[in-house]
Amino acid sequence: MYDELADQWWRPRGKFAMLHWLAAARAELVPPASRPDAVLVDLGCGAGLLAPHLAGKGYRHIGVDLSLNALRQGAEHGVQGVRADVLAVPLADGCADVVAAGEILEHVADLRGAVSEACRLLRPGGLLVIDTLAATALCRWLAIGLAERVPRMAPRGVHDPALLVDRAVLFAECARHGVVLSLRGIRPSMTDLLLWTVRRREAVRMLPVPTTAVLFQAWGRKRSR
């Protein structure tokens, strides 16, 4: 599916509009690089939607994805592509100052394996940044039952309800690998979304909310030894 729809990713009003909004929110969690030659590894990078929001922050942006079409598009935006599964990334232990896993964990059958690999790539003190969908009935109804039926929001059938992320498992597995997470829920601005729906706005801001039961961000630093 992703290879077939990869040419949609850079269209703000294409079938993946939500991914643009989430990329902007994810980048807000990434601070400027603290050292020369800092590396950010972008797991499930798609067409490199994170890249414009990292401009000027000082990272070498390495994107990992299985889609050749997506990696080609990412390269046009300065992303150094690596074609690989996020469960087996051919990069060295501790190579990354930041690992971003945006809207990928809810598509992975082995959550523990994906977390282990993401944490393996992080250097001590490195930052893990995640956004994903929670394994709750509310999320299944909103993110799959409702959002996939809104034109241009998300393609129907892109999410498997069985793969939505158990927050307790995510937290525990990250902690086991030395990363203690903070979590917060996010949602689109309703005002922006209304204006976007009637084509009066190109982008929609993602706002923090008290509950992590639907769409949430998680972040934490790897413990220094």
# chains A, B, ... in the order shown; residues from 1 in each chain; ligands from 1
call {"tool": "residues_around", "arguments": {"residues": "A:Trp219", "least_positions_apart": "6", "cutoff": "8 Å", "atoms": "only C-alpha atoms", "output": "MDAnalysis selection string"}}
result
chainID A and resid 29 127:130 181:183
call {"tool": "select_by_dssp", "arguments": {"residues": "stretch 60-225 of chain A", "states": "strand (DSSP E)", "output": "ChimeraX atom specification"}}
result
/A:60-65,80-83,96-102,122-133,182-188,206-209,215-221
call {"tool": "write_last_selection", "arguments": {"atoms": "C-alpha atoms", "output": "compact mmCIF listing (two decimals), in the first residue's frame"}}
result
# COMPACT_ATOMS: atom_id res chain seq x y z
CA ARG A 60 22.30 14.38 9.66
CA HIS A 61 18.89 12.89 8.89
CA ILE A 62 18.93 9.14 8.19
CA GLY A 63 15.58 7.66 7.16
CA VAL A 64 14.72 3.97 7.44
CA ASP A 65 11.86 2.58 5.38
CA GLN A 80 19.82 9.79 3.66
CA GLY A 81 17.79 6.66 2.98
CA VAL A 82 18.34 3.14 4.31
CA ARG A 83 16.02 0.47 2.99
CA ALA A 96 22.02 8.15 16.93
CA ASP A 97 21.60 11.29 19.00
CA VAL A 98 17.86 11.12 18.29
CA VAL A 99 15.66 8.25 17.15
CA ALA A 100 12.22 9.25 15.86
CA ALA A 101 9.50 6.64 15.47
CA GLY A 102 6.53 8.52 14.09
CA LEU A 122 20.48 5.51 20.67
CA ARG A 123 23.73 6.68 22.21
CA PRO A 124 23.72 7.22 26.01
CA GLY A 125 21.87 10.47 26.64
CA GLY A 126 20.17 10.22 23.24
CA LEU A 127 16.52 11.13 22.78
CA LEU A 128 13.73 8.79 21.69
CA VAL A 129 10.66 10.49 20.17
CA ILE A 130 7.48 8.56 19.37
CA ASP A 131 3.96 9.25 18.23
CA THR A 132 1.48 6.44 17.76
CA LEU A 133 -2.04 5.16 18.41
CA SER A 182 6.97 10.82 29.30
CA LEU A 183 3.59 10.57 27.54
CA ARG A 184 1.01 13.11 26.46
CA GLY A 185 -2.05 12.92 24.28
CA ILE A 186 -2.45 15.09 21.19
CA ARG A 187 -5.31 15.92 18.86
CA PRO A 188 -5.94 18.24 15.92
CA MET A 206 -1.76 19.33 16.91
CA LEU A 207 -2.63 20.30 20.49
CA PRO A 208 -1.85 18.52 23.79
CA VAL A 209 -4.74 16.86 25.62
CA LEU A 215 -3.20 9.54 19.68
CA PHE A 216 -0.19 10.18 21.88
CA GLN A 217 3.43 11.31 21.89
CA ALA A 218 6.16 9.74 24.01
CA TRP A 219 9.71 10.87 24.60
CA GLY A 220 12.66 10.07 26.86
CA ARG A 221 16.45 9.98 27.01
call {"tool": "closest_residue", "arguments": {"among": "A:Leu105, A:Ala23, A:Leu50, A:Val204", "to": "A:Asp166", "atoms": "only C-alpha atoms"}}
result
A:Leu105
call {"tool": "closest_residue", "arguments": {"among": "A:Ala203, A:Val180, A:Ala88, A:Ala137", "to": "A:Ser116", "atoms": "only C-alpha atoms"}}
result
A:Ala88
call {"tool": "atom_distance", "arguments": {"atom1": "atom CA of A:Gly58", "atom2": "atom CA of A:Pro36"}}
result
7.5 Å
call {"tool": "select_by_dssp", "arguments": {"residues": "chain A", "states": "alpha helix (DSSP H)", "output": "ChimeraX atom specification"}}
result
/A:2-5,17-27,51-54,68-75,111-121,137-139,167-176,190-197
call {"tool": "write_last_selection", "arguments": {"atoms": "C-alpha atoms", "output": "mmCIF file, in the first residue's frame"}}
result
data_model
loop_
_atom_site.group_PDB
_atom_site.id
_atom_site.type_symbol
_atom_site.label_atom_id
_atom_site.label_comp_id
_atom_site.auth_asym_id
_atom_site.auth_seq_id
_atom_site.Cartn_x
_atom_site.Cartn_y
_atom_site.Cartn_z
ATOM 1 C CA TYR A 2 2.711 2.490 0.956
ATOM 2 C CA ASP A 3 4.637 2.104 -2.311
ATOM 3 C CA GLU A 4 1.416 2.637 -4.263
ATOM 4 C CA LEU A 5 0.506 5.775 -2.306
ATOM 5 C CA ALA A 17 -2.688 14.930 5.366
ATOM 6 C CA MET A 18 -2.606 13.927 9.027
ATOM 7 C CA LEU A 19 0.993 12.728 8.639
ATOM 8 C CA HIS A 20 2.090 16.274 7.739
ATOM 9 C CA TRP A 21 0.517 17.651 10.916
ATOM 10 C CA LEU A 22 2.031 14.924 13.075
ATOM 11 C CA ALA A 23 5.493 15.426 11.585
ATOM 12 C CA ALA A 24 5.400 19.088 12.588
ATOM 13 C CA ALA A 25 4.333 18.172 16.141
ATOM 14 C CA ARG A 26 7.008 15.457 16.372
ATOM 15 C CA ALA A 27 9.744 17.880 15.320
ATOM 16 C CA ALA A 51 12.792 16.843 7.173
ATOM 17 C CA PRO A 52 11.424 20.393 6.616
ATOM 18 C CA HIS A 53 10.646 20.723 10.321
ATOM 19 C CA LEU A 54 14.220 19.785 11.279
ATOM 20 C CA LEU A 68 11.823 2.594 -2.330
ATOM 21 C CA ASN A 69 9.416 5.239 -3.656
ATOM 22 C CA ALA A 70 9.254 6.889 -0.249
ATOM 23 C CA LEU A 71 13.031 6.816 0.174
ATOM 24 C CA ARG A 72 13.511 8.409 -3.240
ATOM 25 C CA GLN A 73 11.185 11.229 -2.249
ATOM 26 C CA GLY A 74 12.915 11.596 1.098
ATOM 27 C CA ALA A 75 16.278 11.939 -0.657
ATOM 28 C CA LEU A 111 6.336 -3.984 19.379
ATOM 29 C CA ARG A 112 8.996 -5.243 21.794
ATOM 30 C CA GLY A 113 11.406 -5.897 18.932
ATOM 31 C CA ALA A 114 10.855 -2.444 17.453
ATOM 32 C CA VAL A 115 11.434 -0.788 20.829
ATOM 33 C CA SER A 116 14.589 -2.822 21.397
ATOM 34 C CA GLU A 117 15.973 -1.783 18.011
ATOM 35 C CA ALA A 118 15.123 1.892 18.498
ATOM 36 C CA CYS A 119 16.847 1.928 21.888
ATOM 37 C CA ARG A 120 19.860 0.006 20.535
ATOM 38 C CA LEU A 121 20.473 2.781 18.000
ATOM 39 C CA ALA A 137 -11.704 0.939 22.133
ATOM 40 C CA LEU A 138 -11.929 4.742 21.897
ATOM 41 C CA CYS A 139 -8.921 4.864 19.579
ATOM 42 C CA ARG A 167 0.961 2.001 26.414
ATOM 43 C CA ALA A 168 1.979 -0.075 29.425
ATOM 44 C CA VAL A 169 4.025 -2.423 27.249
ATOM 45 C CA LEU A 170 5.646 0.500 25.425
ATOM 46 C CA PHE A 171 6.582 2.201 28.697
ATOM 47 C CA ALA A 172 7.913 -0.980 30.277
ATOM 48 C CA GLU A 173 9.952 -2.050 27.257
ATOM 49 C CA CYS A 174 11.542 1.376 26.851
ATOM 50 C CA ALA A 175 12.411 1.425 30.555
ATOM 51 C CA ARG A 176 13.948 -2.049 30.237
ATOM 52 C CA MET A 190 -10.862 21.661 15.977
ATOM 53 C CA THR A 191 -10.816 25.219 14.603
ATOM 54 C CA ASP A 192 -7.960 24.419 12.235
ATOM 55 C CA LEU A 193 -9.588 21.155 11.211
ATOM 56 C CA LEU A 194 -12.837 22.893 10.316
ATOM 57 C CA LEU A 195 -10.968 25.467 8.227
ATOM 58 C CA TRP A 196 -8.937 22.706 6.566
ATOM 59 C CA THR A 197 -12.112 20.803 5.748
#
call {"tool": "atom_distance", "arguments": {"atom1": "atom CA of A:His77", "atom2": "atom CA of A:His159"}}
result
26.6 Å
call {"tool": "residues_around", "arguments": {"residues": "A:Asp160", "least_positions_apart": "3", "cutoff": "9 Å", "atoms": "only C-alpha atoms", "output": "list in words"}}
result
Glu106, His107, Ile144, Gly157, Leu163 and Leu164 of chain A
call {"tool": "write_last_selection", "arguments": {"atoms": "N, CA and C atoms", "output": "mmCIF file, in the first residue's frame"}}
result
data_model
loop_
_atom_site.group_PDB
_atom_site.id
_atom_site.type_symbol
_atom_site.label_atom_id
_atom_site.label_comp_id
_atom_site.auth_asym_id
_atom_site.auth_seq_id
_atom_site.Cartn_x
_atom_site.Cartn_y
_atom_site.Cartn_z
ATOM 1 N N GLU A 106 2.357 1.400 15.373
ATOM 2 C CA GLU A 106 1.036 0.785 15.213
ATOM 3 C C GLU A 106 0.912 -0.033 13.932
ATOM 4 N N HIS A 107 2.020 -0.136 13.183
ATOM 5 C CA HIS A 107 2.045 -0.973 11.976
ATOM 6 C C HIS A 107 3.011 -2.144 12.124
ATOM 7 N N ILE A 144 -9.829 4.749 13.533
ATOM 8 C CA ILE A 144 -10.093 3.804 12.451
ATOM 9 C C ILE A 144 -11.535 3.924 11.973
ATOM 10 N N GLY A 157 -8.360 1.428 5.735
ATOM 11 C CA GLY A 157 -7.679 0.147 5.836
ATOM 12 C C GLY A 157 -6.206 0.223 6.166
ATOM 13 N N LEU A 163 -2.825 -4.155 15.999
ATOM 14 C CA LEU A 163 -1.461 -3.674 16.171
ATOM 15 C C LEU A 163 -1.375 -2.346 16.917
ATOM 16 N N LEU A 164 -2.504 -1.794 17.334
ATOM 17 C CA LEU A 164 -2.449 -0.560 18.109
ATOM 18 C C LEU A 164 -1.627 -0.788 19.384
#
